>>> print(open('entry09.pdb').read())   # PDB, C-alpha atoms
ATOM      1  CA  MET A   1     129.612  79.269 100.933
ATOM      2  CA  GLY A   2     127.504  76.193 101.555
ATOM      3  CA  LEU A   3     130.176  73.846 102.819
ATOM      4  CA  THR A   4     130.535  72.098 106.143
ATOM      5  CA  GLY A   5     133.098  73.504 108.552
ATOM      6  CA  ILE A   6     134.626  71.469 111.375
ATOM      7  CA  ARG A   7     136.951  73.102 113.913
ATOM      8  CA  VAL A   8     139.248  70.996 116.089
ATOM      9  CA  THR A   9     140.706  72.605 119.208
ATOM     10  CA  ASP A  10     141.464  69.454 121.223
ATOM     11  CA  PRO A  11     143.899  66.860 119.815
ATOM     12  CA  ALA A  12     141.711  64.094 121.258
ATOM     13  CA  ASP A  13     138.921  65.165 118.867
ATOM     14  CA  LEU A  14     141.007  64.999 115.681
ATOM     15  CA  ASP A  15     140.298  61.391 114.651
ATOM     16  CA  ALA A  16     136.540  61.837 115.012
ATOM     17  CA  ALA A  17     136.658  65.131 113.100
ATOM     18  CA  VAL A  18     138.562  63.560 110.193
ATOM     19  CA  ARG A  19     136.123  60.641 110.087
ATOM     20  CA  ARG A  20     133.218  63.099 110.088
ATOM     21  CA  ALA A  21     134.839  65.132 107.288
ATOM     22  CA  PHE A  22     135.259  62.047 105.081
ATOM     23  CA  ALA A  23     131.697  60.913 105.834
ATOM     24  CA  THR A  24     130.212  64.292 104.889
ATOM     25  CA  PRO A  25     129.085  64.613 101.276
ATOM     26  CA  GLY A  26     130.576  67.561  99.416
ATOM     27  CA  PRO A  27     133.426  69.857 100.371
ATOM     28  CA  VAL A  28     134.477  70.206 104.016
ATOM     29  CA  LEU A  29     136.725  72.763 105.674
ATOM     30  CA  LEU A  30     138.666  71.050 108.474
ATOM     31  CA  ASP A  31     140.097  73.809 110.678
ATOM     32  CA  VAL A  32     142.653  72.334 113.078
ATOM     33  CA  LEU A  33     144.171  74.665 115.654
ATOM     34  CA  THR A  34     147.772  73.783 116.416
ATOM     35  CA  ASN A  35     150.428  74.983 118.826
ATOM     36  CA  PRO A  36     152.528  77.561 116.941
ATOM     37  CA  GLU A  37     155.506  76.711 119.186
ATOM     38  CA  GLU A  38     155.426  73.027 118.198
ATOM     39  CA  VAL A  39     157.854  71.950 115.503
ATOM     40  CA  ALA A  40     156.140  70.050 112.679
ATOM     41  CA  VAL A  41     158.453  67.436 111.197
ATOM     42  CA  PRO A  42     157.682  65.071 108.300
ATOM     43  CA  GLY A  43     157.532  61.346 109.090
ATOM     44  CA  LYS A  44     160.788  60.665 107.246
ATOM     45  CA  PRO A  45     162.711  63.941 107.030
ATOM     46  CA  THR A  46     165.526  64.211 104.516
ATOM     47  CA  VAL A  47     168.926  65.803 105.079
ATOM     48  CA  SER A  48     167.895  68.613 102.739
ATOM     49  CA  GLN A  49     164.788  69.309 104.818
ATOM     50  CA  GLY A  50     166.912  69.293 107.974
ATOM     51  CA  TRP A  51     169.284  71.878 106.525
ATOM     52  CA  GLY A  52     166.358  74.011 105.371
ATOM     53  CA  PHE A  53     164.870  73.886 108.863
ATOM     54  CA  ALA A  54     168.212  74.779 110.477
ATOM     55  CA  ILE A  55     168.715  77.752 108.155
ATOM     56  CA  ALA A  56     165.155  78.993 108.808
ATOM     57  CA  LYS A  57     165.706  78.793 112.586
ATOM     58  CA  ILE A  58     168.986  80.697 112.332
ATOM     59  CA  LYS A  59     167.306  83.412 110.245
ATOM     60  CA  GLU A  60     164.567  83.735 112.891
ATOM     61  CA  ASN A  61     167.188  84.725 115.431
ATOM     62  CA  LEU A  62     169.189  87.155 113.276
ATOM     63  CA  PRO A  63     168.488  90.825 113.901
ATOM     64  CA  SER A  64     166.624  92.501 111.064
ATOM     65  CA  GLY A  65     168.511  95.179 109.211
ATOM     66  CA  GLY A  66     167.601  98.811 109.096
ATOM     67  CA  ASN A  67     167.828  99.878 112.720
TER      68      ASN A  67
END
>>> encode(input="entry09.pdb", output="C-alpha cells")
Amino acid sequence: MGLTGIRVTDPADLDAAVRRAFATPGPVLLDVLTNPEEVAVPGKPTVSQGWGFAIAKIKENLPSGGN
C-alpha cells in the first residue's frame, strides 16, 4: 500500500515508535501489541463508563443461551 508500518511488541519501545511515526512523512500504520487480559481505562473515567464496563464484564460471565 506504500505506507510505513511500525510494530511495537515491547512497551519500552512505544515512545520511540510514536516519535518515529510522527517524524515519518505520509501515512503510518502503528501496530501496538497489547495484553488482551489488561483492562484499558480512560484517564478520567465517568460513572457512565464504569457502569458500561461493569455490565460488559457481567455479560462475559453469563452462560450463552441455546444449550
>>> residues_around(input="entry09.pdb", residues="Thr9 (chain A)", least_positions_apart="6", cutoff="9 Å", atoms="all atoms listed in the file", output="list in words")
Asp31, Val32, Leu33 and Thr34 of chain A
>>> residues_around(input="entry09.pdb", residues="region 38-40 of chain A", least_positions_apart="6", cutoff="12 Å", atoms="all atoms listed in the file", output="JSON, numbers by chain")
{"A": [49, 50, 53, 54, 57]}
>>> write_last_selection(input="entry09.pdb", atoms="C-alpha atoms", output="compact mmCIF listing (two decimals), in the coordinates of the input")
# COMPACT_ATOMS: atom_id res chain seq x y z
CA GLN A 49 164.79 69.31 104.82
CA GLY A 50 166.91 69.29 107.97
CA PHE A 53 164.87 73.89 108.86
CA ALA A 54 168.21 74.78 110.48
CA LYS A 57 165.71 78.79 112.59
>>> atom_distance(input="entry09.pdb", atom1="CA of Val28 (chain A)", atom2="CA of Val8 (chain A)")
13.0 Å
>>> residues_near_point(input="entry09.pdb", point="(132.6, 72.5, 104.1)", cutoff="7 Å", atoms="only C-alpha atoms", output="PyMOL selection string")
chain A and resi 2-5+27-29
>>> atom_distance(input="entry09.pdb", atom1="CA of Pro36 (chain A)", atom2="CA of Arg7 (chain A)")
16.5 Å
>>> atom_distance(input="entry09.pdb", atom1="CA of Ile6 (chain A)", atom2="CA of Ala21 (chain A)")
7.5 Å
>>> decode(input="entry09.pdb", residues="region 14-34 of chain A", atoms="N, CA, C and O atoms", output="compact mmCIF listing (two decimals), in the first residue's frame")
# COMPACT_ATOMS: atom_id res chain seq x y z
N LEU A 14 7.63 1.90 22.88
CA LEU A 14 6.48 2.67 22.40
C LEU A 14 6.80 4.14 22.14
O LEU A 14 6.44 4.67 21.08
N ASP A 15 7.46 4.82 23.07
CA ASP A 15 7.75 6.24 22.87
C ASP A 15 8.55 6.49 21.60
O ASP A 15 8.23 7.38 20.81
N ALA A 16 9.58 5.67 21.38
CA ALA A 16 10.42 5.84 20.19
C ALA A 16 9.60 5.56 18.92
O ALA A 16 9.77 6.25 17.91
N ALA A 17 8.72 4.57 18.98
CA ALA A 17 7.91 4.24 17.81
C ALA A 17 6.94 5.38 17.47
O ALA A 17 6.75 5.70 16.30
N VAL A 18 6.35 5.99 18.48
CA VAL A 18 5.43 7.11 18.23
C VAL A 18 6.21 8.30 17.67
O VAL A 18 5.76 8.95 16.71
N ARG A 19 7.38 8.57 18.22
CA ARG A 19 8.20 9.66 17.68
C ARG A 19 8.57 9.39 16.22
O ARG A 19 8.50 10.28 15.37
N ARG A 20 8.93 8.14 15.93
CA ARG A 20 9.28 7.78 14.55
C ARG A 20 8.07 7.94 13.63
O ARG A 20 8.18 8.44 12.50
N ALA A 21 6.89 7.54 14.11
CA ALA A 21 5.67 7.66 13.29
C ALA A 21 5.38 9.12 12.96
O ALA A 21 5.07 9.45 11.81
N PHE A 22 5.51 10.01 13.95
CA PHE A 22 5.24 11.43 13.69
C PHE A 22 6.32 12.07 12.81
O PHE A 22 6.05 13.03 12.10
N ALA A 23 7.53 11.53 12.85
CA ALA A 23 8.62 12.08 12.04
C ALA A 23 8.60 11.56 10.61
O ALA A 23 9.28 12.11 9.74
N THR A 24 7.83 10.53 10.35
CA THR A 24 7.78 9.93 9.02
C THR A 24 6.78 10.68 8.14
O THR A 24 5.63 10.86 8.53
N PRO A 25 7.21 11.12 6.97
CA PRO A 25 6.26 11.79 6.08
C PRO A 25 5.24 10.79 5.52
O PRO A 25 5.58 9.65 5.24
N GLY A 26 4.01 11.24 5.40
CA GLY A 26 2.95 10.39 4.85
C GLY A 26 2.30 9.54 5.92
O GLY A 26 2.61 9.63 7.11
N PRO A 27 1.39 8.67 5.48
CA PRO A 27 0.65 7.85 6.44
C PRO A 27 1.54 6.76 7.06
O PRO A 27 2.46 6.25 6.43
N VAL A 28 1.25 6.44 8.32
CA VAL A 28 1.98 5.42 9.06
C VAL A 28 0.98 4.53 9.78
O VAL A 28 0.03 5.02 10.38
N LEU A 29 1.21 3.23 9.72
CA LEU A 29 0.42 2.28 10.49
C LEU A 29 1.24 1.92 11.72
O LEU A 29 2.31 1.33 11.61
N LEU A 30 0.75 2.30 12.90
CA LEU A 30 1.42 1.98 14.16
C LEU A 30 0.68 0.81 14.78
O LEU A 30 -0.44 0.96 15.27
N ASP A 31 1.28 -0.36 14.73
CA ASP A 31 0.68 -1.60 15.22
C ASP A 31 1.26 -1.90 16.60
O ASP A 31 2.43 -2.27 16.72
N VAL A 32 0.45 -1.71 17.63
CA VAL A 32 0.92 -1.89 19.01
C VAL A 32 0.24 -3.12 19.60
O VAL A 32 -0.98 -3.15 19.75
N LEU A 33 1.05 -4.13 19.91
CA LEU A 33 0.51 -5.34 20.52
C LEU A 33 0.30 -5.09 22.01
O LEU A 33 1.19 -4.58 22.68
N THR A 34 -0.87 -5.43 22.49
CA THR A 34 -1.20 -5.21 23.90
C THR A 34 -1.61 -6.52 24.55
O THR A 34 -1.91 -7.51 23.88
